[in-house]
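The file work.tsv comes next; it holds TSV, C-alpha atoms.
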chain	number	residue	atom	x	y	z
B	1	MET	CA	-25.79	-60.55	3.38
B	2	ASP	CA	-24.29	-57.56	5.18
B	3	ASN	CA	-22.72	-59.83	7.80
B	4	TRP	CA	-21.17	-61.98	5.06
B	5	LEU	CA	-19.74	-58.94	3.31
B	6	TYR	CA	-18.30	-57.75	6.61
B	7	PHE	CA	-16.84	-61.19	7.20
B	8	LEU	CA	-15.21	-61.37	3.76
B	9	ARG	CA	-13.63	-57.98	4.43
B	10	PHE	CA	-12.50	-59.22	7.87
B	11	ARG	CA	-15.04	-56.90	9.48
B	12	ALA	CA	-17.66	-59.19	10.96
B	13	ARG	CA	-19.35	-57.51	13.93
B	14	ASP	CA	-19.17	-60.79	15.84
B	15	ARG	CA	-17.26	-63.53	13.99
B	16	TRP	CA	-17.99	-66.22	16.59
B	17	GLU	CA	-21.71	-65.51	16.41
B	18	LEU	CA	-21.60	-65.68	12.61
B	19	THR	CA	-19.72	-68.98	12.75
B	20	LYS	CA	-22.24	-70.45	15.20
B	21	HIS	CA	-25.15	-69.44	12.97
B	22	THR	CA	-23.38	-70.91	9.95
B	23	PHE	CA	-22.90	-74.25	11.70
B	24	LEU	CA	-26.55	-74.30	12.77
B	25	PHE	CA	-27.65	-73.45	9.23
B	26	ILE	CA	-25.56	-76.29	7.76
B	27	PHE	CA	-26.73	-78.79	10.42
B	28	PHE	CA	-30.46	-78.09	9.99
B	29	SER	CA	-30.10	-77.94	6.19
B	30	LEU	CA	-28.56	-81.42	6.14
B	31	LEU	CA	-31.19	-82.65	8.61
B	32	PHE	CA	-33.94	-81.24	6.39
B	33	LEU	CA	-32.46	-82.82	3.25
B	34	TYR	CA	-32.10	-86.16	5.00
B	35	GLY	CA	-35.71	-85.96	6.14
B	36	ILE	CA	-36.91	-85.19	2.61
B	37	TYR	CA	-34.92	-88.07	1.12
B	38	SER	CA	-36.11	-90.41	3.86
B	39	ILE	CA	-39.76	-89.56	3.25
B	40	ILE	CA	-39.40	-89.92	-0.52
B	41	PHE	CA	-37.58	-93.23	-0.40
B	42	ARG	CA	-39.67	-94.54	2.48
B	43	TYR	CA	-42.76	-94.46	0.29
B	44	ALA	CA	-41.04	-95.14	-3.02
B	45	LEU	CA	-38.53	-97.79	-1.94
B	46	PRO	CA	-38.04	-100.03	1.11
B	47	LEU	CA	-35.76	-98.31	3.67
B	48	ASP	CA	-33.02	-100.95	3.72
B	49	ALA	CA	-29.24	-100.94	3.23
B	50	SER	CA	-29.48	-100.48	-0.52
B	51	THR	CA	-31.81	-97.50	-0.11
B	52	LEU	CA	-29.50	-95.86	2.44
B	53	LYS	CA	-26.59	-96.40	0.07
B	54	LEU	CA	-28.60	-94.73	-2.69
B	55	ILE	CA	-29.27	-91.72	-0.41
B	56	TRP	CA	-25.58	-91.49	0.43
B	57	ASP	CA	-24.62	-91.72	-3.26
B	58	LYS	CA	-26.86	-88.79	-4.05
B	59	THR	CA	-25.63	-86.42	-1.31
B	60	PRO	CA	-21.88	-86.92	-0.61
B	61	GLU	CA	-20.81	-83.83	-2.56
B	62	LEU	CA	-23.26	-81.63	-0.69
B	63	ILE	CA	-22.31	-83.01	2.72
B	64	LEU	CA	-18.55	-82.86	2.11
B	65	SER	CA	-18.80	-79.35	0.67
B	66	ALA	CA	-20.81	-78.15	3.66
B	67	ILE	CA	-18.39	-79.72	6.15
B	68	PHE	CA	-15.36	-78.36	4.29
B	69	GLY	CA	-16.89	-74.87	4.14
B	70	ALA	CA	-17.69	-74.93	7.86
B	71	ILE	CA	-14.14	-76.02	8.70
B	72	ILE	CA	-12.65	-73.27	6.53
B	73	LEU	CA	-14.90	-70.72	8.21
B	74	LEU	CA	-13.92	-71.92	11.68
B	75	VAL	CA	-10.19	-71.87	10.81
B	76	LEU	CA	-10.55	-68.33	9.45
B	77	VAL	CA	-12.30	-67.14	12.62
B	78	VAL	CA	-9.65	-68.75	14.84
B	79	PHE	CA	-6.88	-67.24	12.69
B	80	LEU	CA	-8.35	-63.73	13.00
B	81	GLN	CA	-8.78	-64.13	16.74
B	82	VAL	CA	-5.21	-65.40	17.18
B	83	ARG	CA	-3.94	-62.53	15.01
B	84	GLU	CA	-5.64	-59.97	17.26
B	85	GLU	CA	-4.40	-61.68	20.44
B	86	LEU	CA	-0.88	-61.73	19.00
B	87	GLY	CA	-1.21	-58.05	18.10
B	88	LEU	CA	-2.24	-57.31	21.70
B	89	PHE	CA	0.77	-59.27	22.99
B	90	MET	CA	3.17	-57.50	20.59
B	91	THR	CA	1.87	-54.00	21.40
B	92	GLU	CA	4.39	-52.44	23.73
B	93	HIS	CA	3.45	-51.74	27.34
B	94	CYS	CA	3.94	-48.03	26.78
B	95	PHE	CA	3.06	-46.82	23.28
B	96	ILE	CA	4.36	-43.36	22.34
B	97	PHE	CA	2.93	-41.98	19.11
B	98	ASN	CA	5.32	-40.14	16.82
B	99	PRO	CA	3.29	-37.75	14.62
B	100	LYS	CA	6.18	-37.48	12.12
B	101	ASP	CA	5.41	-41.02	10.97
B	102	CYS	CA	1.65	-40.44	10.96
B	103	LEU	CA	1.02	-41.77	7.44
B	104	ASN	CA	2.87	-44.99	8.30
B	105	ASN	CA	1.32	-45.42	11.75
B	106	ILE	CA	-2.40	-44.93	11.08
B	107	ASP	CA	-5.29	-46.15	8.98
B	108	PHE	CA	-7.33	-43.06	8.23
B	109	GLN	CA	-10.09	-41.48	6.22
B	110	GLY	CA	-10.12	-37.74	5.66
B	111	MET	CA	-7.39	-35.14	6.00
B	112	VAL	CA	-4.55	-36.03	8.37
B	113	THR	CA	-1.26	-34.14	8.29
B	114	PHE	CA	1.81	-33.47	10.40
B	115	GLU	CA	2.27	-29.94	11.70
B	116	PRO	CA	6.03	-29.55	12.16
B	117	LYS	CA	5.78	-26.21	13.94
B	118	GLU	CA	3.44	-27.66	16.58
B	119	LYS	CA	5.01	-31.14	16.50
B	120	ALA	CA	1.45	-32.41	16.37
B	121	LEU	CA	-0.96	-34.44	14.28
B	122	SER	CA	-3.68	-32.40	12.55
B	123	VAL	CA	-7.04	-34.14	11.98
B	124	THR	CA	-10.04	-32.75	10.06
B	125	ASN	CA	-12.80	-33.91	7.68
B	126	SER	CA	-12.41	-37.43	9.05
B	127	GLY	CA	-15.98	-38.70	9.40
B	128	SER	CA	-14.86	-42.33	9.74
B	129	GLY	CA	-11.81	-41.51	11.83
B	130	ILE	CA	-8.23	-42.72	12.20
B	131	LEU	CA	-6.86	-45.84	13.90
B	132	PHE	CA	-3.27	-46.56	14.91
B	133	HIS	CA	-1.71	-49.10	12.61
B	134	ARG	CA	1.48	-50.97	11.83
B	135	PRO	CA	2.37	-53.56	9.17
B	136	LEU	CA	1.32	-57.20	9.69
B	137	LEU	CA	0.06	-56.80	13.26
B	138	ASN	CA	-2.05	-53.81	14.27
B	139	TYR	CA	-1.84	-52.15	17.66
B	140	TYR	CA	-4.46	-53.56	20.04
B	141	TRP	CA	-5.53	-52.65	23.57
B	142	ARG	CA	-8.20	-53.84	25.96
B	143	ASP	CA	-7.55	-52.04	29.26
B	144	PHE	CA	-5.39	-48.94	28.94
B	145	GLU	CA	-4.55	-45.44	30.12
B	146	ALA	CA	-4.25	-42.77	27.40
B	147	ILE	CA	-2.72	-39.35	28.07
B	148	PHE	CA	-2.55	-36.69	25.38
B	149	GLU	CA	-2.58	-32.98	24.71
B	150	PHE	CA	-4.97	-31.50	22.16
B	151	LYS	CA	-5.92	-28.11	20.79
B	152	PHE	CA	-8.99	-27.02	18.83
B	153	LEU	CA	-8.50	-25.17	15.54
B	154	GLY	CA	-11.18	-23.03	13.91
B	155	GLU	CA	-11.72	-22.10	10.28
B	156	GLU	CA	-9.93	-18.78	10.75
B	157	LYS	CA	-6.26	-18.39	11.58
B	158	GLY	CA	-5.71	-17.96	15.29
B	159	LYS	CA	-9.26	-19.09	16.14
B	160	SER	CA	-9.99	-22.26	18.07
B	161	LEU	CA	-13.72	-22.53	17.34
B	162	LYS	CA	-15.78	-22.50	14.16
B	163	THR	CA	-19.03	-20.57	13.69
B	164	SER	CA	-22.36	-22.31	13.14
B	165	TYR	CA	-26.08	-21.70	13.61
B	166	GLU	CA	-28.54	-23.90	15.46
B	167	LEU	CA	-32.28	-23.86	16.05
B	168	THR	CA	-33.58	-24.31	19.58
B	169	LYS	CA	-36.76	-26.19	20.51
B	170	LEU	CA	-38.57	-22.88	20.91
B	171	GLY	CA	-37.68	-21.82	17.38
B	172	SER	CA	-35.00	-19.25	18.19
B	173	THR	CA	-31.86	-19.30	16.07
B	174	TYR	CA	-28.58	-19.10	17.96
B	175	CYS	CA	-25.20	-18.18	16.56
B	176	THR	CA	-22.63	-20.45	18.23
B	177	GLN	CA	-18.95	-21.22	18.04
B	178	ASN	CA	-17.97	-24.85	18.56
B	179	ASN	CA	-15.48	-27.63	17.87
B	180	TYR	CA	-15.26	-31.30	18.79
B	181	LEU	CA	-12.75	-34.09	19.24
B	182	GLY	CA	-13.69	-37.77	19.08
B	183	PHE	CA	-11.61	-40.34	20.99
B	184	ILE	CA	-12.06	-43.86	19.56
B	185	PHE	CA	-11.42	-47.09	21.49
B	186	ARG	CA	-12.22	-50.84	21.37
B	187	ALA	CA	-12.47	-50.41	17.58
B	188	LYS	CA	-12.82	-53.47	15.36
B	189	ASP	CA	-12.51	-51.24	12.28
B	190	LEU	CA	-13.62	-47.79	11.11
B	191	ASP	CA	-17.29	-48.84	11.21
B	192	ASN	CA	-17.49	-50.46	14.66
B	193	TYR	CA	-16.22	-48.78	17.81
B	194	PHE	CA	-16.91	-46.80	20.98
B	195	MET	CA	-16.20	-43.07	20.91
B	196	LEU	CA	-16.13	-40.31	23.50
B	197	SER	CA	-16.80	-36.87	22.01
B	198	ILE	CA	-15.24	-33.89	23.80
B	199	GLY	CA	-16.50	-30.55	22.54
B	200	ALA	CA	-16.41	-26.87	23.37
B	201	LYS	CA	-19.24	-24.48	22.56
B	202	LYS	CA	-19.75	-20.75	22.99
B	203	TYR	CA	-23.19	-19.19	22.56
B	204	GLN	CA	-22.69	-15.77	20.99
B	205	GLU	CA	-26.08	-14.25	20.27
B	206	ARG	CA	-29.66	-15.03	19.45
B	207	ILE	CA	-30.70	-14.12	15.93
B	208	CYS	CA	-34.42	-13.39	15.69
B	209	GLU	CA	-36.39	-13.50	12.49
B	210	PRO	CA	-37.69	-11.37	10.95
B	211	LYS	CA	-36.36	-8.86	13.48
B	212	CYS	CA	-35.19	-8.82	17.05
B	213	GLU	CA	-35.43	-5.62	19.08
B	214	GLU	CA	-32.56	-6.54	21.43
B	215	PRO	CA	-30.23	-9.41	20.47
B	216	ASN	CA	-29.51	-11.60	23.47
B	217	LYS	CA	-25.71	-11.72	23.72
B	218	GLU	CA	-24.87	-14.49	26.14
B	219	GLY	CA	-21.22	-15.36	25.60
B	220	LYS	CA	-21.75	-18.57	27.58
B	221	LYS	CA	-18.98	-21.17	27.18
B	222	ILE	CA	-19.61	-24.84	27.89
B	223	LEU	CA	-17.74	-28.13	27.59
B	224	LEU	CA	-19.66	-31.16	26.27
B	225	VAL	CA	-18.67	-34.77	26.96
B	226	THR	CA	-20.87	-37.14	24.93
B	227	PRO	CA	-20.64	-40.98	24.55
B	228	HIS	CA	-21.13	-42.51	21.10
B	229	ILE	CA	-21.34	-46.04	19.65
B	230	LYS	CA	-20.78	-46.81	15.98
B	231	ILE	CA	-22.13	-50.16	14.73
B	232	GLY	CA	-21.99	-51.10	11.07
B	233	GLY	CA	-21.41	-47.46	10.16
B	234	MET	CA	-24.53	-46.29	12.07
B	235	TRP	CA	-24.38	-44.06	15.14
B	236	GLU	CA	-26.07	-44.17	18.51
B	237	VAL	CA	-25.50	-41.05	20.61
B	238	PHE	CA	-26.16	-40.84	24.35
B	239	GLU	CA	-26.82	-37.90	26.61
B	240	GLY	CA	-23.55	-36.68	28.05
B	241	LYS	CA	-22.45	-34.07	30.57
B	242	LYS	CA	-22.13	-30.29	30.35
B	243	PHE	CA	-19.63	-28.08	32.17
B	244	THR	CA	-19.62	-24.29	32.32
B	245	LEU	CA	-16.35	-22.60	31.36
B	246	PRO	CA	-14.40	-21.19	33.04
B	247	LYS	CA	-16.53	-21.27	36.21
B	248	GLU	CA	-16.62	-25.05	36.67
B	249	LEU	CA	-13.40	-25.78	34.76
B	250	PRO	CA	-11.06	-22.81	35.22
B	251	ARG	CA	-8.08	-24.77	33.84
B	252	PHE	CA	-9.86	-25.57	30.59
B	253	LYS	CA	-8.92	-22.82	28.15
B	254	ILE	CA	-10.37	-23.23	24.66
B	255	GLU	CA	-7.57	-21.30	23.01
B	256	ASP	CA	-4.74	-23.36	24.54
B	257	TYR	CA	-3.60	-26.97	24.56
B	258	ILE	CA	-5.62	-29.14	26.92
B	259	PHE	CA	-4.39	-32.25	28.72
B	260	LEU	CA	-6.68	-35.24	29.11
B	261	ARG	CA	-6.32	-38.62	30.77
B	262	ILE	CA	-8.64	-41.45	29.72
B	263	VAL	CA	-8.69	-44.81	31.49
B	264	VAL	CA	-10.61	-47.79	30.14
B	265	ARG	CA	-10.73	-50.78	32.48
B	266	GLY	CA	-13.15	-53.62	31.88
B	267	THR	CA	-16.45	-52.03	30.88
B	268	ARG	CA	-15.85	-48.60	32.41
B	269	LEU	CA	-14.32	-45.41	31.04
B	270	ASP	CA	-13.09	-42.54	33.22
B	271	LEU	CA	-12.00	-39.10	32.01
B	272	TRP	CA	-9.77	-36.62	33.84
B	273	LEU	CA	-8.68	-33.08	33.09
B	274	GLY	CA	-5.16	-32.40	34.30
B	275	GLU	CA	-1.74	-30.94	33.71
B	276	LEU	CA	1.43	-32.76	32.70
B	277	ALA	CA	3.99	-33.56	35.36
B	278	LYS	CA	6.57	-34.48	32.73
B	279	LYS	CA	6.48	-32.79	29.32
B	280	ARG	CA	7.80	-34.11	25.99
B	281	GLY	CA	10.05	-36.76	27.49
B	282	GLN	CA	11.01	-40.02	25.82
B	283	GLU	CA	9.48	-42.01	28.65
B	284	CYS	CA	5.80	-42.53	29.34
B	285	GLN	CA	4.21	-39.30	30.46
B	286	GLU	CA	2.30	-38.98	33.69
B	287	LEU	CA	-0.53	-36.62	34.40
B	288	LYS	CA	-0.88	-34.65	37.58
B	289	GLU	CA	-4.59	-35.17	38.09
B	290	GLU	CA	-6.72	-32.10	38.61
B	291	MET	CA	-10.33	-33.09	38.14
B	292	HIS	CA	-12.36	-36.20	37.37
B	293	LEU	CA	-14.86	-35.18	34.70
B	294	PHE	CA	-16.80	-38.17	33.50
B	295	THR	CA	-17.55	-41.87	33.93
B	296	TRP	CA	-19.14	-44.04	31.25
B	297	ASP	CA	-20.29	-47.58	31.96
B	298	LEU	CA	-20.20	-49.18	28.51
B	299	PRO	CA	-23.67	-50.48	27.57
B	300	THR	CA	-24.27	-54.13	26.77
B	301	HIS	CA	-26.69	-53.48	23.86
B	302	TYR	CA	-27.24	-50.95	21.12
B	303	SER	CA	-30.42	-49.84	19.35
B	304	VAL	CA	-31.15	-51.88	16.23
B	305	ASN	CA	-33.39	-49.27	14.57
B	306	TRP	CA	-32.07	-45.78	13.97
B	307	SER	CA	-34.37	-42.88	13.19
B	308	ASP	CA	-33.09	-39.93	11.19
B	309	GLY	CA	-36.03	-37.82	12.35
B	310	GLN	CA	-37.10	-37.13	8.76
B	311	ASN	CA	-39.13	-40.24	7.93
B	312	LYS	CA	-41.65	-40.36	10.78
B	313	GLU	CA	-44.61	-41.22	8.52
B	314	LYS	CA	-42.64	-44.00	6.84
B	315	GLU	CA	-41.58	-45.37	10.23
B	316	GLN	CA	-45.18	-45.41	11.46
B	317	ASP	CA	-46.33	-47.27	8.33
B	318	ASP	CA	-43.45	-49.74	8.50
B	319	LYS	CA	-44.64	-52.57	10.78
B	320	SER	CA	-41.10	-53.89	11.15
B	321	TYR	CA	-39.96	-50.65	12.77
B	322	SER	CA	-39.64	-51.09	16.51
B	323	PRO	CA	-37.79	-48.38	18.47
B	324	GLY	CA	-37.40	-50.74	21.41
B	325	ASP	CA	-35.43	-53.41	19.53
B	326	SER	CA	-31.82	-53.88	20.62
B	327	SER	CA	-28.88	-56.12	19.95
B	328	LYS	CA	-25.76	-57.11	21.87
B	329	ILE	CA	-22.54	-55.14	21.37
B	330	PRO	CA	-19.95	-57.78	20.38
B	331	PHE	CA	-16.84	-55.67	21.11
B	332	ARG	CA	-17.93	-54.29	24.50
B	333	ASN	CA	-15.09	-55.87	26.49
B	334	SER	CA	-12.89	-57.14	23.68
B	335	ILE	CA	-9.54	-56.27	22.15
B	336	GLY	CA	-9.66	-53.20	19.94
B	337	ARG	CA	-7.77	-50.36	18.35
B	338	ILE	CA	-7.53	-46.71	19.38
B	339	GLY	CA	-7.81	-43.52	17.36
B	340	PHE	CA	-9.51	-40.16	16.82
B	341	ARG	CA	-12.31	-38.65	14.73
B	342	ALA	CA	-13.06	-35.17	13.39
B	343	TYR	CA	-16.42	-34.84	11.64
B	344	GLY	CA	-16.87	-32.29	8.84
B	345	ASP	CA	-14.99	-29.05	9.42
B	346	GLU	CA	-14.06	-29.97	12.99
B	347	ARG	CA	-10.31	-29.73	13.40
B	348	PHE	CA	-7.83	-30.31	16.20
B	349	LEU	CA	-4.18	-31.04	16.92
B	350	ILE	CA	-2.91	-34.05	18.90
B	351	ARG	CA	0.53	-34.29	20.48
B	352	ASP	CA	2.37	-35.95	23.36
B	353	LEU	CA	0.20	-39.06	23.14
B	354	THR	CA	1.11	-42.06	25.26
B	355	ILE	CA	-0.98	-45.21	25.81
B	356	LYS	CA	-0.10	-47.57	28.65
B	357	LYS	CA	-1.49	-51.05	29.07
B	358	ILE	CA	-3.27	-51.87	32.30
B	359	ASP	CA	-2.54	-55.45	33.35
Translate the structure described by the file into structure tokens.
Amino acid sequence: MDNWLYFLRFRARDRWELTKHTFLFIFFSLLFLYGIYSIIFRYALPLDASTLKLIWDKTPELILSAIFGAIILLVLVVFLQVREELGLFMTEHCFIFNPKDCLNNIDFQGMVTFEPKEKALSVTNSGSGILFHRPLLNYYWRDFEAIFEFKFLGEEKGKSLKTSYELTKLGSTYCTQNNYLGFIFRAKDLDNYFMLSIGAKKYQERICEPKCEEPNKEGKKILLVTPHIKIGGMWEVFEGKKFTLPKELPRFKIEDYIFLRIVVRGTRLDLWLGELAKKRGQECQELKEEMHLFTWDLPTHYSVNWSDGQNKEKEQDDKSYSPGDSSKIPFRNSIGRIGFRAYGDERFLIRDLTIKKID
């Protein structure tokens, strides 16, 4: 039922797979009905021309309806595929995002505004994310190079990070400052896409309960790069990479704008940290590469069963629960849209964004 609802909202995870299953369902249903009729009439009536005519007279509406429905479904799938291919063809070779027209150029959930002073797009409280959009034909990319400048914003004026508390495996409570940016690509919609999370975190001090004789003030700053997959609104998060700031990444300053270059080619993503060679020009920007940070080979399958960590007893009792089950990712190497995500009180600014197609 979920797949049908997704299909009716033009959101099927894999439309071709759904169409194939529909055809098989119709074929075997008709074969089953024919077998039932044949058995009934074989023993009730002689299986001659008149009997076959009687069978046909009883089932033409069903057969014609099934064939018509299958044809309509196939035409709809082909239409959606052609629409996406046409959108890919019509997307300019070098896309330059103008944040002034943000409400006309994006599909979004959450709070998205234009910051005129910064000439940037502000994104926060966007758990589903934003995707670049235009009337009639959306923007689509398969292989691309994205260059943009972003800046973290905290809950307090002038602060780049927000304060939170987390519990370690050993039971100690740490006071941390953090913020995250999510870069979305190969998106079919706001429920199905790949995402690379780029976050900054600063450990401030350990808070011991009920009392700590000497608080452990670390002041350690790290950069987190974490791959995500969102399928049907559910998340699968992978182990990423950690960098120490500013020792390993001296050019990465949490308080300032940061330049990133992301290249997606085939089933591989590469991330660079760099500085702009050409700033705020009308042409496509180029990045003077400084450091290659991360490579992500996009997986072929995702986990079917997600555990929230709170229903362990229920999962053990549920015989259908199988942590090893997996299913194929339909949009792994397909056409998709690009965007950003800011979960909860995460907040950042985006400016000087250009996306170039890779032929």
Point-to-point distance in Å for atom CA of Asp101 of chain B and atom CA of Phe183 of chain B: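 Spanning atom CA of Phe183 of chain B to atom CA of Asp101 of chain B is a straight-line distance of 19.8 Å.
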Interatomic distance (Å, one decimal) between atom CA of Gly154 of chain B and atom CA of Trp272 of chain B: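 Value for the atom CA of Gly154 of chain B-atom CA of Trp272 of chain B distance: 24.2 Å.
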Distance criterion (all atoms listed in the file): nearest to Leu137 of chain B out of B:Val78, B:Met90, B:Leu353, B:Val264: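 Once distances to Leu137 of chain B are computed over all atoms listed in the file, the minimum belongs to B:Met90.
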Pick from B:Gly110, B:Pro330, B:Pro99, B:Gly344 nearest to Gly232 of chain B, counting all atoms listed in the file: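 Smallest distance to Gly232 of chain B is found for B:Pro330.
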One-decimal distance in Å that lies between atom CA of Arg265 of chain B and atom CA of Gly240 of chain B: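 Distance reported for this atom pair: 19.6 Å.
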Option closest in space to Met234 of chain B, from B:Met111, B:Ile335, B:Leu190, B:Ala342 [counting only C-alpha atoms]: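 The shortest atom-to-atom distance to Met234 of chain B comes from B:Leu190.
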Selection: 9 Å around Ser122 of chain B, all atoms listed in the file, excl. self and same-chain fewer than 5 positions, as an MDAnalysis selection string: chainID B and resid 111:115 347:350
Sphere at (-19.4, -28.0, 32.5), radius 10 Å, counting all atoms listed in the file: residues as a list in words: Ala200, Lys221, Ile222, Leu223, Leu224, Val225, Lys241, Lys242, Phe243, Thr244, Leu245, Pro246, Lys247, Glu248, Leu249 and Leu293 of chain B
Output file for the residues above (C-alpha atoms, as a compact mmCIF listing (two decimals), in the frame of the given file):
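Once written, out-v8.txt looks like this:
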# COMPACT_ATOMS: atom_id res chain seq x y z
CA ALA B 200 -16.41 -26.87 23.37
CA LYS B 221 -18.98 -21.17 27.18
CA ILE B 222 -19.61 -24.84 27.89
CA LEU B 223 -17.74 -28.13 27.59
CA LEU B 224 -19.66 -31.16 26.27
CA VAL B 225 -18.67 -34.77 26.96
CA LYS B 241 -22.45 -34.07 30.57
CA LYS B 242 -22.13 -30.29 30.35
CA PHE B 243 -19.63 -28.08 32.17
CA THR B 244 -19.62 -24.29 32.32
CA LEU B 245 -16.35 -22.60 31.36
CA PRO B 246 -14.40 -21.19 33.04
CA LYS B 247 -16.53 -21.27 36.21
CA GLU B 248 -16.62 -25.05 36.67
CA LEU B 249 -13.40 -25.78 34.76
CA LEU B 293 -14.86 -35.18 34.70
Sel. within 9 Å of pt (-28.6, -40.4, 25.1), counting all atoms listed in the file, output as a list in words: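 Final list of nearby residues, as requested, is Thr226, Pro227, His228, Glu236, Val237, Phe238, Glu239 and Gly240 of chain B.
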